[in-house]
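S.K.: Let me give you the structure first, and then I'll get to my questions.
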Amino acid sequence: MKPYVYIAHPIPEHVESYIAEHCDYNIWNDSNEKIPKERLKEELKNADGAMLTGQPVDEELLAATENLKAVSTVSVGYDRYDIDALKKYNVYGTHTPYVLDDTVADLIFGLILSGGRRIAELHEYVKAGEWGVEPDSAFYGYDIHHSTLGIIGMGRIGEKIVQRARFGFEMDIVYHNRSRKPELEETFDAVRLELNELLSRADFVVVMVPLTDETKQLIGEEELRLMKSSAVLINGARGPVVDENALVAALQEKSIFSASLDVFEQEPLPKDHPLLDLPNVTLTPHIGSATQKTDEEMMMRAAVNMVEGASGQTPQDVIKEQR
Ligand SMILES: NC(=O)C1=CN([C@@H]2O[C@H](COP(=O)(O)OP(=O)(O)OC[C@H]3O[C@@H](n4cnc5c(N)ncnc54)[C@H](OP(=O)(O)O)[C@@H]3O)[C@@H](O)[C@H]2O)C=CC1
Ligand SMILES: O=CC(=O)O
């Protein structure tokens with residue numbers, strides 16, 4: 001008998017065909033509305049595996065299942081997983097590392113460029129027909145090349161960002177992790193710093209840590225105050241890693257030059273959010289990994305993880321806490 005799996009969001013046809021070869025399955029095919037939690041609990045009652053992206057996987061959900069062996073998210077971040085609950089119910093949590101690294105690094109570089117050279121702001125200005133006879137200095141920003149990039153969270157994606165920065169833009173690299181990365185230090189002439197020192201030294205501060213209890217609000221009012229008035233903050237990690245109210249205040253007071261954000265405390269960003277009124281921001285809709293090719297690869301990888309887990313194997317991308 002094939003295992004039974006439930007997929008809580010639409011998936012591409014070729015991924016569905018792969019799943020159909022190995023499993024009996026059902027899919028929540030409504031892309032406009034998330035499956036309600038009570039419905040999800042019912043659907044998962046007899047499932048051996050599930051694909052659940054952007055849904056909390058917590059004690060309540062897992063307690064409602066009888067056969068579940070693996071949950072799979074189409075993302076590398078797995079902050080929606082309650083890891084203690086996964087361990088308690090013997091359910092593997094899986095994610096999609098590596099396949100998206102270059103794609104996310106490309107977007108982050110776009111955010112770095114826009115933040116320094118004011119691309120989003122000037123784009124709005126030209127489109128509004130406001131390009132008049134101002135001196136060039138009205139449009140000045142800051143150089144990216146030969147400046148200092150500070151990475152908070154030098155992991156898989158951080159390394160790809162640094163590669164672009166060091167070899168493409170000849171930037172100096174400083175980073176902050178809990179552990180040192182001697183090989184990367186050698187390859188990129190990178191220097192590990194304590195967080196506060198990084199914040200005061202870097203021209204471009206990129207936040208790329210996972211969201212955990214330790215990293216929630218890692219960048220708050222005090223940390224923002226340490227940054228140079230010419231510095232740009234780029235958040236590609238998760239919204240709650242940065243205190244958004246403190247960031248809005250810093251941008252309003254111009255205590256930092258600008259911010260480029262792909263992630264927010266609340267997504268989608270509420271229509272009356274104060275960030276929307278600021279000129280010195282570049283905002284993208286949590287789109288870091290979303291190119292067609294990378295999305296397809298992530299979907300496939302997540303499906304393989306789910307099928308492996310549902311079939312009683314150890315999936316290839318089990319989260320590190322369960323390895
Ligand atoms: N915007 C988007 O679309 C995307 C966002 N992301 C986000 O990016 C995150 C990072 O992804 P990825 O690079 O693959 O993850 P990795 O686990 O490879 O890298 C994360 C790095 O953060 C460091 N880190 C973890 N906790 C702390 C801490 N408390 N203080 C300082 N450093 C810390 C880790 O080093 P150490 O353990 O030594 O501290 C590690 O090197 C994801 O978790 C996700 O939230 C990912 C993809 C797309
Ligand atoms: O935010 C995206 C991810 O893959 O994590």
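By convention in this document, the chains of the structure tokens carry letters A, B, ... by their order, each chain's residues are numbered from 1, and ligands are numbered from 1 in the order they are shown.
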Quick one: everything within 7 Å of segment 187-191 of chain A, counting only C-alpha atoms, minus sequence neighbours fewer than 6 positions away in the same chain. Send it as a PyMOL selection string.

M.R.: chain A and resi 166+173-175

S.K.: Using N, CA, C and O atoms, can you export the residues from the last selection as a PDB file, in the first residue's frame?

M.R.:
```
ATOM      1  N   ARG A 166      32.859  40.380  -2.199  1.00  0.00           N
ATOM      2  CA  ARG A 166      34.326  40.416  -2.161  1.00  0.00           C
ATOM      3  C   ARG A 166      34.913  40.414  -3.576  1.00  0.00           C
ATOM      4  O   ARG A 166      35.775  41.213  -3.907  1.00  0.00           O
ATOM      5  N   ILE A 173      35.028  42.549   4.226  1.00  0.00           N
ATOM      6  CA  ILE A 173      33.965  41.734   4.824  1.00  0.00           C
ATOM      7  C   ILE A 173      34.177  41.571   6.328  1.00  0.00           C
ATOM      8  O   ILE A 173      35.247  41.132   6.771  1.00  0.00           O
ATOM      9  N   VAL A 174      33.158  41.911   7.092  1.00  0.00           N
ATOM     10  CA  VAL A 174      33.138  41.551   8.512  1.00  0.00           C
ATOM     11  C   VAL A 174      31.856  40.745   8.751  1.00  0.00           C
ATOM     12  O   VAL A 174      30.875  40.906   8.028  1.00  0.00           O
ATOM     13  N   TYR A 175      31.900  39.832   9.714  1.00  0.00           N
ATOM     14  CA  TYR A 175      30.704  39.022   9.947  1.00  0.00           C
ATOM     15  C   TYR A 175      30.528  38.746  11.430  1.00  0.00           C
ATOM     16  O   TYR A 175      31.472  38.855  12.219  1.00  0.00           O
TER      17      TYR A 175
END
```

S.K.: Please find the residues contacting ligand 1 at a distance of at most 6 Å between atoms, with only C-alpha atoms and all ligand atoms counted, and report them as a ChimeraX atom specification.

M.R.: /A:76-77,97,104,153-158,176-179,208-211,214-215,236-238,262-263,286-289

S.K.: Using only C-alpha atoms, find the one residue out of A:Ser114, A:Asn245, A:Asn32, A:Gln252 that sits nearest to Ile144 of chain A.

M.R.: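 For Ile144 of chain A, the nearest of the given residues is A:Ser114.
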
S.K.: Tell me which protein, DNA and RNA residues are within 8 Å of Asn46 of chain A, counting only C-alpha atoms, leaving out same-chain ones fewer than 3 positions away, and put them as a ChimeraX atom specification.

M.R.: /A:4,43,65-68

S.K.: Please identify all polymer residues within 12 Å of Val5 of chain A, counting only C-alpha atoms, omitting same-chain residues fewer than 6 positions from it, and present them as number ranges by chain.

M.R.: A: 16, 19-20, 22-28, 43-52, 65, 67-72, 303-311

S.K.: Save out the residues we just selected, C-alpha atoms, as a PDB file, in the first residue's frame.

M.R.:
```
ATOM      1  CA  GLU A  16       2.269  16.381  -8.306  1.00  0.00           C
ATOM      2  CA  ILE A  19       4.078  12.496  -5.602  1.00  0.00           C
ATOM      3  CA  ALA A  20       1.374  10.489  -7.392  1.00  0.00           C
ATOM      4  CA  HIS A  22       4.823   7.213  -4.741  1.00  0.00           C
ATOM      5  CA  CYS A  23       1.814   8.160  -2.606  1.00  0.00           C
ATOM      6  CA  ASP A  24      -1.928   8.522  -2.371  1.00  0.00           C
ATOM      7  CA  TYR A  25      -2.525  12.198  -1.744  1.00  0.00           C
ATOM      8  CA  ASN A  26      -4.800  15.184  -1.438  1.00  0.00           C
ATOM      9  CA  ILE A  27      -4.028  18.878  -2.041  1.00  0.00           C
ATOM     10  CA  TRP A  28      -5.424  22.190  -0.803  1.00  0.00           C
ATOM     11  CA  GLU A  43      -6.771  16.345   6.772  1.00  0.00           C
ATOM     12  CA  LEU A  44      -3.640  15.322   8.659  1.00  0.00           C
ATOM     13  CA  LYS A  45      -5.356  12.830  10.961  1.00  0.00           C
ATOM     14  CA  ASN A  46      -4.412   9.833   8.797  1.00  0.00           C
ATOM     15  CA  ALA A  47      -1.552  11.305   6.811  1.00  0.00           C
ATOM     16  CA  ASP A  48       1.929   9.745   6.777  1.00  0.00           C
ATOM     17  CA  GLY A  49       3.507  12.918   5.449  1.00  0.00           C
ATOM     18  CA  ALA A  50       2.643  16.535   4.731  1.00  0.00           C
ATOM     19  CA  MET A  51       3.869  19.576   2.839  1.00  0.00           C
ATOM     20  CA  LEU A  52       3.017  22.645   4.925  1.00  0.00           C
ATOM     21  CA  THR A  65      -2.237  13.195  13.842  1.00  0.00           C
ATOM     22  CA  ASN A  67       0.548   8.295  11.541  1.00  0.00           C
ATOM     23  CA  LEU A  68       2.512  11.400  10.639  1.00  0.00           C
ATOM     24  CA  LYS A  69       6.207  10.736  10.058  1.00  0.00           C
ATOM     25  CA  ALA A  70       7.428  13.879   8.275  1.00  0.00           C
ATOM     26  CA  VAL A  71       6.450  17.483   7.612  1.00  0.00           C
ATOM     27  CA  SER A  72       8.085  19.358   4.794  1.00  0.00           C
ATOM     28  CA  ALA A 303       8.237  16.767  -2.175  1.00  0.00           C
ATOM     29  CA  VAL A 304      11.144  14.289  -2.098  1.00  0.00           C
ATOM     30  CA  ASN A 305      11.647  15.011   1.608  1.00  0.00           C
ATOM     31  CA  MET A 306       7.960  14.391   2.286  1.00  0.00           C
ATOM     32  CA  VAL A 307       7.823  11.168   0.252  1.00  0.00           C
ATOM     33  CA  GLU A 308      10.982   9.800   1.870  1.00  0.00           C
ATOM     34  CA  GLY A 309       9.677  10.547   5.354  1.00  0.00           C
ATOM     35  CA  ALA A 310       6.185   9.192   4.659  1.00  0.00           C
ATOM     36  CA  SER A 311       7.755   5.966   3.298  1.00  0.00           C
TER      37      SER A 311
END
```

S.K.: Pick the closest to Asp213 of chain A from A:Val241, A:His273, A:Glu197, A:Glu60: which is it, counting only C-alpha atoms?

M.R.: A:Val241

S.K.: What gap, in Å, lies between atom CA of Asp101 of chain A and atom CA of Glu267 of chain A?

M.R.: 21.9 Å

S.K.: So which residues of segment 178-280 of chain A fall under strand (DSSP E or B) by DSSP, listed as a compact mmCIF listing (two decimals) with N, CA and C atoms, in the first residue's frame?

M.R.:
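Written file, states.txt:
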```txt
# COMPACT_ATOMS: atom_id res chain seq x y z
N VAL A 191 36.57 39.07 8.59
CA VAL A 191 36.94 39.19 10.01
C VAL A 191 35.68 39.02 10.85
N ARG A 192 35.76 38.11 11.84
CA ARG A 192 34.60 37.93 12.72
C ARG A 192 34.63 38.97 13.83
N PHE A 204 27.29 48.54 5.03
CA PHE A 204 26.08 47.81 4.66
C PHE A 204 25.96 46.64 5.64
N VAL A 205 24.86 46.62 6.38
CA VAL A 205 24.65 45.56 7.39
C VAL A 205 23.56 44.64 6.86
N VAL A 206 23.93 43.39 6.57
CA VAL A 206 22.95 42.42 6.05
C VAL A 206 22.60 41.43 7.15
N VAL A 207 21.30 41.32 7.44
CA VAL A 207 20.83 40.39 8.47
C VAL A 207 20.37 39.10 7.77
N ILE A 219 18.15 43.16 16.35
CA ILE A 219 18.48 44.54 15.99
C ILE A 219 17.36 45.45 16.50
N VAL A 232 23.47 51.40 5.60
CA VAL A 232 22.23 50.82 5.08
C VAL A 232 22.00 49.49 5.80
N LEU A 233 20.76 49.27 6.26
CA LEU A 233 20.40 47.99 6.88
C LEU A 233 19.60 47.18 5.87
N ILE A 234 20.02 45.94 5.66
CA ILE A 234 19.29 45.05 4.73
C ILE A 234 18.80 43.86 5.55
N ASN A 235 17.50 43.64 5.59
CA ASN A 235 16.97 42.46 6.28
C ASN A 235 16.41 41.48 5.27
N VAL A 242 14.35 42.12 13.38
CA VAL A 242 14.58 43.57 13.52
C VAL A 242 13.35 44.18 14.20
N SER A 258 19.49 54.36 5.04
CA SER A 258 18.31 53.73 4.44
C SER A 258 18.20 52.28 4.90
N ALA A 259 17.07 51.68 4.55
CA ALA A 259 16.87 50.25 4.84
C ALA A 259 16.28 49.58 3.61
N SER A 260 16.73 48.35 3.37
CA SER A 260 16.18 47.54 2.28
C SER A 260 15.66 46.25 2.90
N LEU A 261 14.38 46.02 2.73
CA LEU A 261 13.74 44.94 3.48
C LEU A 261 12.96 44.01 2.57
```

S.K.: When DSSP is applied to the backbone of this structure, which of segment 163-214 of chain A are assigned helix (DSSP H, G or I)? Write them out as a list in words.

M.R.: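 Residues of segment 163-214 of chain A classed as helix (DSSP H, G or I): Gln163, Arg164, Ala165, Arg166, Phe167, Gly168, Phe169, Pro182, Glu183, Leu184, Glu185, Glu186, Thr187, Phe188, Leu195, Asn196, Glu197, Leu198, Leu199, Ser200 and Arg201 of chain A.
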